[in-house]
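Data from protein.cif: mmCIF, C-alpha atoms and all ligand atoms
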```cif
data_protein
#
loop_
_atom_site.group_PDB
_atom_site.id
_atom_site.type_symbol
_atom_site.label_atom_id
_atom_site.label_comp_id
_atom_site.auth_asym_id
_atom_site.auth_seq_id
_atom_site.Cartn_x
_atom_site.Cartn_y
_atom_site.Cartn_z
ATOM 1 C CA MET R 6 108.500 91.102 186.147
ATOM 2 C CA PRO R 7 111.137 92.059 183.531
ATOM 3 C CA LEU R 8 109.590 92.971 180.172
ATOM 4 C CA ARG R 9 111.196 90.091 178.272
ATOM 5 C CA ALA R 10 109.786 87.555 180.758
ATOM 6 C CA LEU R 11 106.336 89.147 180.462
ATOM 7 C CA LEU R 12 106.567 89.043 176.650
ATOM 8 C CA ASP R 13 107.634 85.380 176.717
ATOM 9 C CA ASP R 14 104.692 84.524 179.004
ATOM 10 C CA LEU R 15 102.263 86.473 176.818
ATOM 11 C CA TYR R 16 103.486 84.749 173.664
ATOM 12 C CA ALA R 17 103.323 81.281 175.253
ATOM 13 C CA GLU R 18 99.828 82.025 176.562
ATOM 14 C CA GLY R 19 98.818 83.149 173.047
ATOM 15 C CA GLN R 20 100.166 79.965 171.471
ATOM 16 C CA ASP R 21 98.301 77.843 173.996
ATOM 17 C CA PHE R 22 95.099 79.849 173.506
ATOM 18 C CA ASP R 23 95.357 79.657 169.704
ATOM 19 C CA ALA R 24 95.759 75.879 169.774
ATOM 20 C CA ARG R 25 92.319 75.661 171.403
ATOM 21 C CA GLN R 26 90.477 77.935 168.900
ATOM 22 C CA SER R 27 88.868 76.382 165.845
ATOM 23 C CA ASP R 28 88.056 79.747 164.242
ATOM 24 C CA ARG R 29 91.212 81.476 163.001
ATOM 25 C CA ARG R 30 89.702 84.907 163.710
ATOM 26 C CA ASP R 31 89.388 84.084 167.425
ATOM 27 C CA ARG R 32 93.121 83.401 167.724
ATOM 28 C CA ARG R 33 95.715 85.835 169.116
ATOM 29 C CA ARG R 34 97.980 85.247 166.115
ATOM 30 C CA ASN R 35 100.917 87.042 167.710
ATOM 31 C CA LEU R 36 103.904 88.171 165.709
ATOM 32 C CA GLU R 37 106.735 85.632 166.027
ATOM 33 C CA PRO R 38 109.330 86.692 168.652
ATOM 34 C CA ASP R 39 112.209 86.840 166.151
ATOM 35 C CA ALA R 40 110.152 89.052 163.808
ATOM 36 C CA ALA R 41 109.168 91.249 166.772
ATOM 37 C CA GLU R 42 112.808 91.600 167.729
ATOM 38 C CA LEU R 43 113.765 92.617 164.186
ATOM 39 C CA LEU R 44 110.875 95.088 163.900
ATOM 40 C CA ALA R 45 111.859 96.677 167.211
ATOM 41 C CA MET R 46 115.444 96.921 165.968
ATOM 42 C CA VAL R 47 114.325 98.628 162.725
ATOM 43 C CA LEU R 48 112.239 101.041 164.788
ATOM 44 C CA ARG R 49 115.284 101.894 166.921
ATOM 45 C CA ILE R 50 117.544 102.371 163.878
ATOM 46 C CA ALA R 51 114.939 104.597 162.211
ATOM 47 C CA GLY R 52 114.488 106.567 165.453
ATOM 48 C CA ALA R 53 110.734 106.219 164.894
ATOM 49 C CA ARG R 54 108.593 108.198 167.349
ATOM 50 C CA ASP R 55 105.136 108.094 165.766
ATOM 51 C CA ILE R 56 104.231 104.451 165.341
ATOM 52 C CA VAL R 57 100.914 103.094 164.068
ATOM 53 C CA GLU R 58 100.026 99.422 164.333
ATOM 54 C CA ILE R 59 96.917 97.974 162.683
ATOM 55 C CA GLY R 60 95.938 94.780 164.524
ATOM 56 C CA THR R 61 96.377 94.892 168.300
ATOM 57 C CA SER R 62 95.088 91.471 169.429
ATOM 58 C CA ASN R 63 96.365 90.956 172.998
ATOM 59 C CA GLY R 64 99.043 93.630 172.592
ATOM 60 C CA TYR R 65 102.084 91.372 172.199
ATOM 61 C CA SER R 66 103.630 93.240 169.254
ATOM 62 C CA THR R 67 102.436 96.546 170.712
ATOM 63 C CA LEU R 68 104.630 96.031 173.784
ATOM 64 C CA TRP R 69 107.681 95.319 171.648
ATOM 65 C CA LEU R 70 107.104 98.531 169.692
ATOM 66 C CA ALA R 71 106.331 100.661 172.748
ATOM 67 C CA ASP R 72 109.457 99.472 174.532
ATOM 68 C CA ALA R 73 111.630 100.321 171.519
ATOM 69 C CA THR R 74 110.390 103.868 170.914
ATOM 70 C CA ALA R 75 110.928 107.115 172.750
ATOM 71 C CA GLY R 76 107.610 108.223 171.245
ATOM 72 C CA THR R 77 104.099 106.772 171.024
ATOM 73 C CA VAL R 78 102.490 103.684 169.542
ATOM 74 C CA THR R 79 98.912 104.073 168.337
ATOM 75 C CA THR R 80 97.454 100.607 167.993
ATOM 76 C CA VAL R 81 94.188 100.036 166.164
ATOM 77 C CA ASP R 82 91.840 97.057 166.231
ATOM 78 C CA VAL R 83 88.203 96.494 165.297
ATOM 79 C CA ALA R 84 87.813 94.723 168.668
ATOM 80 C CA PRO R 85 88.165 96.573 171.991
ATOM 81 C CA ALA R 86 91.687 96.137 173.367
ATOM 82 C CA THR R 87 90.637 95.088 176.863
ATOM 83 C CA GLU R 88 93.335 92.472 177.353
ATOM 84 C CA ALA R 89 96.034 94.541 175.637
ATOM 85 C CA ARG R 90 95.307 97.521 177.900
ATOM 86 C CA ALA R 91 95.683 95.356 181.005
ATOM 87 C CA THR R 92 98.941 93.874 179.738
ATOM 88 C CA ALA R 93 100.344 97.306 178.861
ATOM 89 C CA ALA R 94 99.604 98.427 182.406
ATOM 90 C CA ARG R 95 101.377 95.346 183.801
ATOM 91 C CA ALA R 96 104.387 96.161 181.600
ATOM 92 C CA GLY R 97 104.421 99.787 182.739
ATOM 93 C CA LEU R 98 104.058 100.915 179.100
ATOM 94 C CA SER R 99 100.515 102.369 179.120
ATOM 95 C CA GLY R 100 101.881 105.905 178.893
ATOM 96 C CA LYS R 101 103.425 105.185 175.495
ATOM 97 C CA ILE R 102 100.394 103.497 173.919
ATOM 98 C CA VAL R 103 97.172 104.928 172.496
ATOM 99 C CA PHE R 104 94.457 102.297 171.926
ATOM 100 C CA GLU R 105 91.922 102.922 169.155
ATOM 101 C CA THR R 106 88.902 100.764 168.376
ATOM 102 C CA ALA R 107 88.376 101.314 164.648
ATOM 103 C CA ASP R 108 88.716 99.760 161.237
ATOM 104 C CA GLY R 109 92.335 100.067 160.117
ATOM 105 C CA GLY R 110 91.410 101.472 156.712
ATOM 106 C CA ASP R 111 89.119 104.116 158.199
ATOM 107 C CA PHE R 112 91.765 105.038 160.749
ATOM 108 C CA LEU R 113 94.465 105.497 158.116
ATOM 109 C CA ALA R 114 92.121 107.492 155.849
ATOM 110 C CA ALA R 115 91.539 109.984 158.694
ATOM 111 C CA ARG R 116 95.205 110.246 159.684
ATOM 112 C CA PRO R 117 97.063 113.407 158.519
ATOM 113 C CA ASP R 118 99.615 113.302 155.702
ATOM 114 C CA ARG R 119 103.203 112.477 156.693
ATOM 115 C CA SER R 120 102.451 111.921 160.375
ATOM 116 C CA VAL R 121 103.791 108.375 160.889
ATOM 117 C CA ASP R 122 107.393 107.128 161.164
ATOM 118 C CA LEU R 123 106.575 103.423 161.188
ATOM 119 C CA LEU R 124 103.337 101.731 160.117
ATOM 120 C CA PHE R 125 102.939 98.051 160.976
ATOM 121 C CA LEU R 126 100.118 96.181 159.213
ATOM 122 C CA ASP R 127 99.078 92.984 161.016
ATOM 123 C CA ALA R 128 95.337 92.636 160.401
ATOM 124 C CA GLU R 129 93.298 90.955 157.622
ATOM 125 C CA ARG R 130 95.713 90.936 154.694
ATOM 126 C CA PRO R 131 93.212 90.936 151.777
ATOM 127 C CA GLU R 132 91.926 94.304 153.040
ATOM 128 C CA TYR R 133 95.263 96.129 152.637
ATOM 129 C CA PRO R 134 95.026 97.039 148.917
ATOM 130 C CA GLY R 135 91.684 98.744 149.601
ATOM 131 C CA TRP R 136 93.458 101.003 152.104
ATOM 132 C CA TRP R 137 95.831 102.365 149.440
ATOM 133 C CA PRO R 138 97.115 105.123 149.112
ATOM 134 C CA HIS R 139 96.771 105.909 152.832
ATOM 135 C CA PRO R 140 99.539 103.564 154.068
ATOM 136 C CA LYS R 141 101.915 105.576 151.880
ATOM 137 C CA ARG R 142 100.297 109.007 152.362
ATOM 138 C CA VAL R 143 100.585 108.909 156.181
ATOM 139 C CA LEU R 144 104.305 108.029 156.145
ATOM 140 C CA ARG R 145 106.967 110.671 156.600
ATOM 141 C CA ALA R 146 109.926 110.651 154.192
ATOM 142 C CA GLY R 147 112.244 107.935 155.457
ATOM 143 C CA GLY R 148 109.309 106.206 157.156
ATOM 144 C CA VAL R 149 108.918 102.435 157.286
ATOM 145 C CA LEU R 150 105.954 100.322 156.199
ATOM 146 C CA ALA R 151 106.113 96.809 157.704
ATOM 147 C CA ILE R 152 103.813 93.916 156.752
ATOM 148 C CA ASP R 153 103.768 90.551 158.526
ATOM 149 C CA ASN R 154 102.889 87.092 157.136
ATOM 150 C CA VAL R 155 104.250 87.676 153.654
ATOM 151 C CA LEU R 156 105.888 84.222 153.503
ATOM 152 C CA SER R 157 103.125 82.339 155.337
ATOM 153 C CA HIS R 158 100.351 83.863 153.145
ATOM 154 C CA PRO R 159 102.022 84.928 149.872
ATOM 155 C CA GLY R 160 98.832 84.810 147.804
ATOM 156 C CA GLU R 161 96.940 87.057 150.213
ATOM 157 C CA VAL R 162 99.614 89.756 150.351
ATOM 158 C CA ALA R 163 100.644 89.640 146.681
ATOM 159 C CA PRO R 164 98.279 92.415 145.478
ATOM 160 C CA PHE R 165 99.471 94.760 148.233
ATOM 161 C CA LEU R 166 103.144 93.952 147.702
ATOM 162 C CA ARG R 167 102.651 94.663 143.979
ATOM 163 C CA LEU R 168 101.401 98.168 144.876
ATOM 164 C CA ILE R 169 104.570 98.772 146.876
ATOM 165 C CA ALA R 170 106.858 97.221 144.252
ATOM 166 C CA GLY R 171 105.265 99.382 141.556
ATOM 167 C CA ASP R 172 105.833 102.582 143.493
ATOM 168 C CA PRO R 173 109.254 104.102 142.788
ATOM 169 C CA ASP R 174 109.137 106.038 146.072
ATOM 170 C CA PHE R 175 109.604 102.804 148.049
ATOM 171 C CA THR R 176 112.632 100.595 148.539
ATOM 172 C CA ALA R 177 111.464 97.237 149.872
ATOM 173 C CA SER R 178 112.665 93.814 150.902
ATOM 174 C CA THR R 179 111.214 90.685 152.507
ATOM 175 C CA VAL R 180 113.076 89.285 155.476
ATOM 176 C CA ALA R 181 112.705 85.555 156.159
ATOM 177 C CA VAL R 182 112.074 85.986 159.847
ATOM 178 C CA GLY R 183 109.028 84.632 161.690
ATOM 179 C CA LYS R 184 106.249 84.298 159.115
ATOM 180 C CA GLY R 185 107.949 86.705 156.717
ATOM 181 C CA LEU R 186 108.291 90.416 157.348
ATOM 182 C CA HIS R 187 108.151 92.814 154.403
ATOM 183 C CA LEU R 188 109.902 96.122 155.042
ATOM 184 C CA ALA R 189 109.428 99.103 152.742
ATOM 185 C CA VAL R 190 111.135 102.435 153.263
ATOM 186 C CA LEU R 191 109.705 105.622 151.770
ATOM 187 C CA ARG R 192 112.616 107.419 150.152
ATOM 188 C CA GLU R 193 113.621 110.828 151.493
HETATM 189 C C1 LIG R 201 97.214 88.865 163.577
HETATM 190 S S1 LIG R 201 96.218 89.621 164.815
HETATM 191 C C2 LIG R 201 97.283 90.904 165.411
HETATM 192 C C3 LIG R 201 98.418 90.359 166.235
HETATM 193 C C4 LIG R 201 99.211 91.418 166.960
HETATM 194 N N1 LIG R 201 99.763 92.409 166.058
HETATM 195 C C5 LIG R 201 100.344 90.764 167.715
HETATM 196 O O1 LIG R 201 101.365 90.449 167.096
HETATM 197 O O2 LIG R 201 100.224 90.552 168.915
HETATM 198 C C6 LIG R 201 95.062 90.484 163.814
HETATM 199 C C7 LIG R 201 94.185 91.486 164.529
HETATM 200 O O3 LIG R 201 93.648 92.354 163.532
HETATM 201 C C8 LIG R 201 92.353 92.739 163.907
HETATM 202 N N2 LIG R 201 91.674 93.204 162.694
HETATM 203 C C9 LIG R 201 91.101 92.468 161.703
HETATM 204 N N3 LIG R 201 90.621 93.264 160.744
HETATM 205 C C10 LIG R 201 90.891 94.540 161.112
HETATM 206 C C11 LIG R 201 90.652 95.809 160.539
HETATM 207 N N4 LIG R 201 90.017 95.946 159.366
HETATM 208 N N5 LIG R 201 91.062 96.904 161.202
HETATM 209 C C12 LIG R 201 91.699 96.798 162.398
HETATM 210 N N6 LIG R 201 91.953 95.614 162.995
HETATM 211 C C13 LIG R 201 91.562 94.498 162.367
HETATM 212 C C14 LIG R 201 91.763 91.492 164.547
HETATM 213 O O4 LIG R 201 90.694 91.835 165.411
HETATM 214 C C15 LIG R 201 92.984 90.898 165.267
HETATM 215 O O5 LIG R 201 93.014 91.285 166.627
#
```

Represent the structure contained in this file as structure tokens.
Amino acid sequence: MPLRALLDDLYAEGQDFDARQSDRRDRRRNLEPDAAELLAMVLRIAGARDIVEIGTSNGYSTLWLADATAGTVTTVDVAPATEARATAARAGLSGKIVFETADGGDFLAARPDRSVDLLFLDAERPEYPGWWPHPKRVLRAGGVLAIDNVLSHPGEVAPFLRLIAGDPDFTASTVAVGKGLHLAVLRE
């Protein structure tokens, strides 16, 4: 099956699944397709090869990122990525993805300085400020920090966006795509 058809099926399946879950944390909560498309485009423009994603879920966004890079996507989730691994295999993208079962903050704290070209945060938003300064420390100069849901959950992301806005090393902007994608570039 072509990748785009697989992604469309996966997203539709996720939407259907989510509609049947009463607990928000049980939902797939996939990135919106238009936001995924933009993020993949940014990755291509940046020529990012070392990608880290926090929040795997069923691997929908992971596949977008893996398809767009000539390098590797390391995707991290507190839950084992059983479904995402199977989907990556179906997409023929397993070779470009490393799955880690860990807390995102712990993972970033253990990651070497300046080792990431693009970091995508798509987990529990109120936790992000507690991860600082690692989201910045792990980025290479010119690297991109992307945060989803900044328009759907402005109150939850505000403290983290203030950290970015207050840091003169970042240039940042929110794009009104999907649920709101915040993009911050670490200056060279
Ligand atoms: C919004 S979903 C990710 C959606 C996925 N990026 C996509 O677009 O297909 C959030 C995920 O973050 C995971 N998560 C929550 N807290 C986390 C943490 N502290 N560290 C890593 N993953 C976490 C959840 O288990 C859940 O799978």

Test item: residues no farther than 6 Å from ligand LIG 201 (chain R), counting all atoms listed in the file, as a list in words: Arg33, Arg34, Asn35, Leu36, Ile59, Gly60, Thr61, Ser62, Asn63, Gly64, Tyr65, Ser66, Val81, Asp82, Val83, Ala84, Asp108, Gly109, Asp127, Ala128 and Glu129 of chain R

One decimal, Å: what's the distance from atom CA of Val190 of chain R over to atom CA of Leu98 of chain R, could you say?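 Between atom CA of Val190 of chain R and atom CA of Leu98 of chain R the gap works out to 26.8 Å.
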
Expand the PyMOL selection byres (((chain R and resi 14-19) around 8) and not hetatm) into the individual residues it matches in the shown file, reporting them as a PyMOL selection string. chain R and resi 10-13+20-23+32-35+38+65

Taking only C-alpha atoms into account, name the residue in R:Ala96, R:Leu186, R:Val103, R:Ala91 that is nearest to Asp72 of chain R. R:Ala96

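Summary of the local environment: counting all atoms listed in the file, residues at most 9 Å from Ala181 of chain R, other than itself and those fewer than 3 positions away along its chain, are R:Ala40, R:Leu156, R:Lys184, R:Gly185, R:Leu186, R:His187.
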
Taking 3 positions as the minimum chain separation for residues in the same chain, which residues sit within 12 Å of Ala115 of chain R when counting all atoms listed in the file? Answer as a list in words.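 The filter keeps Ala107, Asp108, Gly109, Gly110, Asp111, Phe112, Asp118, Ser120, Trp136, His139, Pro140, Arg142 and Val143 of chain R.
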